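K.L.:
Here it is: the structure, laid out below.
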Amino acid sequence: MSRVRRWLPGLLLVTPSIIAIAVFVYGMLGWNFKLAMTDQHDEISAGKFVGLTNFVSLWDQERWGISVRHAIVFTVVFVGGALALGWLLAFLMEKGIRGEGGFRAIYLFPMAISFVATGVVWRWLMNSGQDTQAVGLNRLLDGLGLGFLQNEWYRDQDWGMAAMAIPAIWQMSGYVMALFLAGFRGVPDELREAARVDGCKEWQVYRYIVFPFLRPVTLSALIILGHISLKVFDLIVSVSGKQIITDVPAVFMWVAVFDAHDPAKGATIASYIVLTVAVFVVPYLIWNARRENRS
Amino acid sequence: MRRRWMSAVAVTVAGLLSLSACGGGGDEKGTGSGQTATKQVEVFSWWTGPGEADGLKAMREIFQKQNPDLTFFDAAVAGGSGDKARALLSSKLQANQPPDTFQGHAGAELQGYIKAGKLEPLNSLYDELKLKDVFPQQLVDQITYEGNVYSVPVNIHRSNVLWFNPKVLKDAGIAAAPKTIEEFITDLAAVKKTGKIPLSIGSEWTVVHLMESVLLGSLGTDAYNALWAKGADWSGANVTKALNDFKTILSYAGPPQDDWQPAAKQVADGAAAFNIMGDWAYGYFHNAPDGGLGKTSKEDFDWAASPGTDGTFMWLSDSFTLPKGAPNKDGALAWLKVAASKEGQDAFNPKKGSIPARKDADKSLYTDYLEWDLAQWANDKLAGSIQHGVVANDAWKTAITEAVGLFLQSKDPAKLQQALVEAAKTNNQ
């Protein structure tokens with residue numbers, strides 16, 4: 001009885017969430033994959049099993065190629081930009097700055113805003129009007145005498161998605177900074193002291209002592225940003241809606257399901273998104289589990 | 001120890017309750033209002049904006065007066081053109097929990113629901129109210145699907161309107177609005193020389209909107225209407241020419257704006273000469289500054305049929321339907337009768353800024369643009385809009401939108417035509 005008393009309350013406590021996750025996460029995922037392997041291309045027909053046909057035929061569609069390319073450009077610029085900026089901010093903070101708490105709050109604060117609000121503001125900031133039509137950033141550049149820097153932002157056909165990453169960087173780099181700052185603070189002072197006693201120059205202390213300590217933090221940040229970036233939807237929709245010029249897989253999926261009423265196609269795109277995210281996350285989870293076992 | 005037990009049980013129960021609440025969220029009408037459910041009429045629409053919500057309210061008052069024993073339940077979901085409302089609606093219909101009546105664009109947009117067997121035919125209502133005599137014959141033809149009518153059109157909007165700024169035209173030496181596509185292209189070039197934006201455009205869907213007017217203007221009404229017949233051929237030379245015209249016209253377009261309003265505003269402000277947009281732009285131009293731009297018609301802005309389409313009315317319409325298994329069918333029919341009546345339509349439309357589908361409307365209620373609109377509706381040939389769900393069903397329309405979006409990148413009309421041919425083949429059998 002007393003043994004039951006030990007584990008039963010705990011089990012009861014987590015049971016609802018286990019059931020909810022089993023049904024609403026893994027059950028739905030399974031259902032989605034099943035749907036993706038049928039030919040149910042409207043909402044009425046029953047749909048027969050067709051294997052991986054949908055997964056192959058998607059690559060014949062020009063729009064899919066474009067949205068994948070956009071997702072890659074966005075991910076590279078966003079993850080790279082947020083890591084670099086977040087690292088730089090943390091590095092400067094770590095050097096000791098007056099009113100650090102205040103700065104930390106300021107940089108972290110954008111994270112409290114939803115991507116939708118960010119998108120609405122940046123849609124205006126990144127308006128493509130120029131010269132007399134300029135508003136937002138182009139107006140600012142024009143006013144500063146830097147008119148030649150005015151550009152079309154997210155409407156640029158080749159690099160629009162890089163511009164689209166700017167609001168995301170703005171929003172997430174504070175969070176990356178907080179991660180890195182914790183990483184910097186986790187380096188024991190004794191190690192730094194010892195290195196200095198051994199005759200390390202300051203940059204060598206960083207190169208050989210501090211940066212190696214940041215590797216796990218960098219990896220965590222990479223995973224977190226990577227999966228946000230591959231699933232990005234709200235930001236894109238609030239900046240430009242569902243236009244091809246900024247199409248990404250998640251938006252394409254929405255159009256396939258709710259505009260074209262093609263459940264199988266939508267499920268196929270959703271499967272690709274899940275699989276891509278899994279490629280990022282699963283190795284990380286394995287690596288993490290191994291590390292925890294070791295310690 | 002005991003307290004831990006109790007809290008664990010409490011949390012578990014709370015968790016299970018919230019789970020079951022998720023499952024039962026859809027049918028609050030059945031359980032919540034109990035007895036009143038039979039008397040209540042749930043009307044599902046996306047009329048929440050200024051003007052349209054007032055129109056709905058006016059129609060609702062007539063409904064209440066005529067049916068004192070029924071309660072009107074307004075299930076409106078915000079969001080222009082109904083994207084969000086339709087997403088919610090399709091989940092309700094799939095769960096077989098339809099509202100008593102719902103709003104939908106008349107025409108092919110309803111085909112999905114019809115094929116899924118979600119709608120009741122309204123032929124008997126049409127016969128009872130003699131609606132075939134008061135709606136234009138072509139309208140009834142164009143919303144008939146396999147011999148049945150499934151919706152009651154409440155209002156009519158016009159898609160093929162060319163809005164222009166008279167002052168900008170005068171500066172460019174243009175005497176009158178262009179009558180044909182060729183004149184339009186000449187005029188665009190003339191405006192370009194003055195340094196103004198010849199043609200303003202908004203986001204992607206406004207370009208699809210532009211394309212439907214150019215197709216209609218270049219092909220002519222009969223050839224355009226023939227494109228939507230079963231097995232129609234999109235690969236003809238006339239379509240090639242129309243798409244080349246479209247490309248030429250688009251080459252005079254200014255930088256794309258965020259939506260139709262900023263594009264229309266460029267015309268009203270005198271930054272751009274022309275804009276092709278539906279007649280909801282009139283309300284935006286004309287209304288007082290809290291909901292519009294407060295401009296004077298014929299002076300700050302003017303309109304004409306879009307080039308090459310004079311004598312043809314490219315229409316779109318909001319309509320109400322009767323879903324299968326509506327909880328209160330008699331109530332829904334009572335609502336449809338109000339929506340179809342002269343009184344109901346004349347109450348709704350002046351407020352919404354559209355015209356009634358009926359031919360016998362009270363003309364004195366419609367002034368300025370609407371007066372012109374009403375006269376055109378009475379006399380013109382009719383053609384259905386692509387972008388606004390009349391001629392192409394959702395899947396087809398999405399394919400066309402996608403083709404136009406890709407064309408904006410490639411600028412290759414041959415590829416656009418190929419994509420349109422494919423879209424017609426897959427979706428029009």
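Quick note on naming: the chains in the structure tokens go A, B, ... in the order shown, residues restart at 1 in each chain, and ligands are numbered from 1 in order of appearance.
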Can you tell me which residues surround Lys130 of chain B at a distance of at most 12 Å, considering only C-alpha atoms, apart from same-chain residues fewer than 5 positions away, and format the answer as a list in words?
P.N.:
Leu122, Asn123, Ser124, Leu125, Phe135, Val140, Lys337, Ala340, Ser341 and Arg358 of chain B
K.L.:
For Ala383 of chain B, list every protein, DNA or RNA residue within 10 Å, evaluated using only C-alpha atoms, and leave out those in the same chain fewer than 5 positions away; present the list as a ChimeraX atom specification.
P.N.:
/B:138-139,142,159-160,216,221-222,224-225,312-316,390-391
K.L.:
Please find the residues of chain A near chain B - the criterion being any atom within 6 Å, counting only C-alpha atoms - and write them as JSON, numbers by chain.
P.N.:
{"A": [9, 13, 16, 44, 243, 244, 260]}
K.L.:
Go ahead and write the selection's residues with C-alpha atoms as an mmCIF file, in the first residue's frame.
P.N.:
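again_17.cif, written as the output of this step:
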data_model
loop_
_atom_site.group_PDB
_atom_site.id
_atom_site.type_symbol
_atom_site.label_atom_id
_atom_site.label_comp_id
_atom_site.auth_asym_id
_atom_site.auth_seq_id
_atom_site.Cartn_x
_atom_site.Cartn_y
_atom_site.Cartn_z
ATOM 1 C CA PRO A 9 -0.333 10.162 -7.179
ATOM 2 C CA LEU A 13 -0.968 13.628 -12.150
ATOM 3 C CA PRO A 16 -4.101 13.407 -18.462
ATOM 4 C CA ILE A 44 -15.688 14.297 -50.031
ATOM 5 C CA GLN A 243 1.723 35.360 -51.931
ATOM 6 C CA ILE A 244 4.114 33.267 -53.990
ATOM 7 C CA ALA A 260 -7.712 24.362 -52.661
#
K.L.:
What separation in Å, quoted to one decimal, exists between atom CA of Phe320 of chain B and atom CA of Arg60 of chain B?
P.N.:
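Atom CA of Arg60 of chain B lies 13.6 Å from atom CA of Phe320 of chain B.
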K.L.:
Which one is closest to Ser317 of chain B: B:Asp279, B:Pro50, B:Val134, B:Lys247? Count only C-alpha atoms.
P.N.:
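Between B:Asp279, B:Pro50, B:Val134, B:Lys247, the residue approaching Ser317 of chain B most closely is B:Asp279.
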K.L.:
Could you write out, as a PyMOL selection string, all the residues of segment 101-282 of chain A that DSSP marks as alpha helix (DSSP H)?
P.N.:
chain A and resi 101-108+115-125+136-143+160-185+189-197+202-205+211-230+234-240+249-254+263-282
K.L.:
Could you tell me, as a PyMOL selection string, which residues of segment 243-395 of chain B DSSP assigns to strand (DSSP E) when given the backbone?
P.N.:
chain B and resi 272-276+302-305+312-316+318-321+355-356+381-384
K.L.:
Mind pulling up the distance from atom CA of Leu89 of chain A to atom CA of Gly199 of chain A?
P.N.:
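Going from atom CA of Gly199 of chain A over to atom CA of Leu89 of chain A covers 27.5 Å.
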